[in-house]
Amino acid sequence: MSCINRRDLALLALRTGTGAVLIAHGTQKLFGWFGGGGLEGTAAAMEHMGFRPGRQSAIAAALGEAGGGALLVLGLATPAAGAAAAGAMAGAVAVHAPAGFFAQEGGYEYPAFLGFTAAAVGLAGPGRYSFDHATRHHFDQPWTVALAFAGSALAAYAVVSKRARERAREESGAS
């Protein structure tokens, strides 16, 4: 097996594993699958965490996870898929950051790992065993990488900043 085939198989495995985990988390939020709260439960949780409006925040997070994950599994529009999933994970990192790094303490280790992995796949590309390769990389162009990651970073910054302002406003009102 040549190095190219090994790399392509590794990208397939990484895309599929990461995408499947993201799909599971996103469908928990959207449909209540796998013990999740569904859209209504997730919306209420998002409101409680300071993401307002909660329903729109729940939909955005769920679509970033499930949609980005599905596109990663397929290897389709890989830069956008990786950027969307990484952006969704940035919001999760913001929620878990006060608990520190490690997951067993409620920290941000797990969402950070998923976000970095999705971003890395989005940057590296999907490999040969992908729909992007089959479509001659129609949705995987150099400009789409820059656009997808810039858009995702700006959106994540806006959402996380808005949440931080909302939390600060709540805390000052509670004092």
# chains A, B, ... in the order shown; residues from 1 in each chain; ligands from 1

$ residues_around --residues "region 46-55 of chain A" --least-positions-apart "3" --cutoff "12 Å" --atoms "only C-alpha atoms" --output "count of residues only"
34

$ closest_atom_pairs --of "region 121-162 of chain A" --to "region 63-78 of chain A" --cutoff "7 Å" --atoms "only C-alpha atoms" --output "CSV"
residue,atom,partner,partner_atom,distance
A:Gly122,CA,A:Thr78,CA,5.1
A:Gly125,CA,A:Thr78,CA,6.3
A:Pro126,CA,A:Gly75,CA,5.2
A:Ser130,CA,A:Gly75,CA,4.5
A:Phe131,CA,A:Leu76,CA,5.2
A:Asp132,CA,A:Leu76,CA,5.0
A:Phe139,CA,A:Ala77,CA,4.7
A:Asp140,CA,A:Ala77,CA,5.5

$ atom_distance --atom1 "CA of Thr135 (chain A)" --atom2 "CA of His25 (chain A)"
28.3 Å

$ atom_distance --atom1 "CA of Gly82 (chain A)" --atom2 "CA of Trp143 (chain A)"
14.5 Å

$ atom_distance --atom1 "CA of Gly107 (chain A)" --atom2 "CA of Val145 (chain A)"
29.2 Å

$ residues_around --residues "region 150-155 of chain A" --least-positions-apart "4" --cutoff "8 Å" --atoms "only C-alpha atoms" --output "list in words"
Ala83, Ala84, Ala86, Gly87, Ala146 and Val159 of chain A

$ write_last_selection --atoms "N, CA and C atoms" --output "PDB file, in the first residue's frame"
ATOM      1  N   ALA A  83     -15.217  23.710   9.279  1.00  0.00           N
ATOM      2  CA  ALA A  83     -15.389  25.026   9.887  1.00  0.00           C
ATOM      3  C   ALA A  83     -16.687  25.107  10.687  1.00  0.00           C
ATOM      4  N   ALA A  84     -17.761  24.556  10.156  1.00  0.00           N
ATOM      5  CA  ALA A  84     -19.044  24.584  10.866  1.00  0.00           C
ATOM      6  C   ALA A  84     -18.970  23.814  12.180  1.00  0.00           C
ATOM      7  N   ALA A  86     -16.229  23.082  13.881  1.00  0.00           N
ATOM      8  CA  ALA A  86     -15.309  23.772  14.787  1.00  0.00           C
ATOM      9  C   ALA A  86     -15.981  24.980  15.422  1.00  0.00           C
ATOM     10  N   GLY A  87     -16.772  25.696  14.652  1.00  0.00           N
ATOM     11  CA  GLY A  87     -17.497  26.843  15.202  1.00  0.00           C
ATOM     12  C   GLY A  87     -18.499  26.436  16.268  1.00  0.00           C
ATOM     13  N   ALA A 146     -10.583  29.433   3.074  1.00  0.00           N
ATOM     14  CA  ALA A 146     -10.453  30.742   3.726  1.00  0.00           C
ATOM     15  C   ALA A 146     -11.817  31.313   4.094  1.00  0.00           C
ATOM     16  N   VAL A 159     -21.169  34.919  18.620  1.00  0.00           N
ATOM     17  CA  VAL A 159     -22.046  34.162  19.517  1.00  0.00           C
ATOM     18  C   VAL A 159     -21.455  34.079  20.925  1.00  0.00           C
TER      19      VAL A 159
END

$ residues_around --residues "Ala97 (chain A)" --least-positions-apart "4" --cutoff "8 Å" --atoms "only C-alpha atoms" --output "list in words"
Val93, Phe101, Gly107 and Tyr108 of chain A
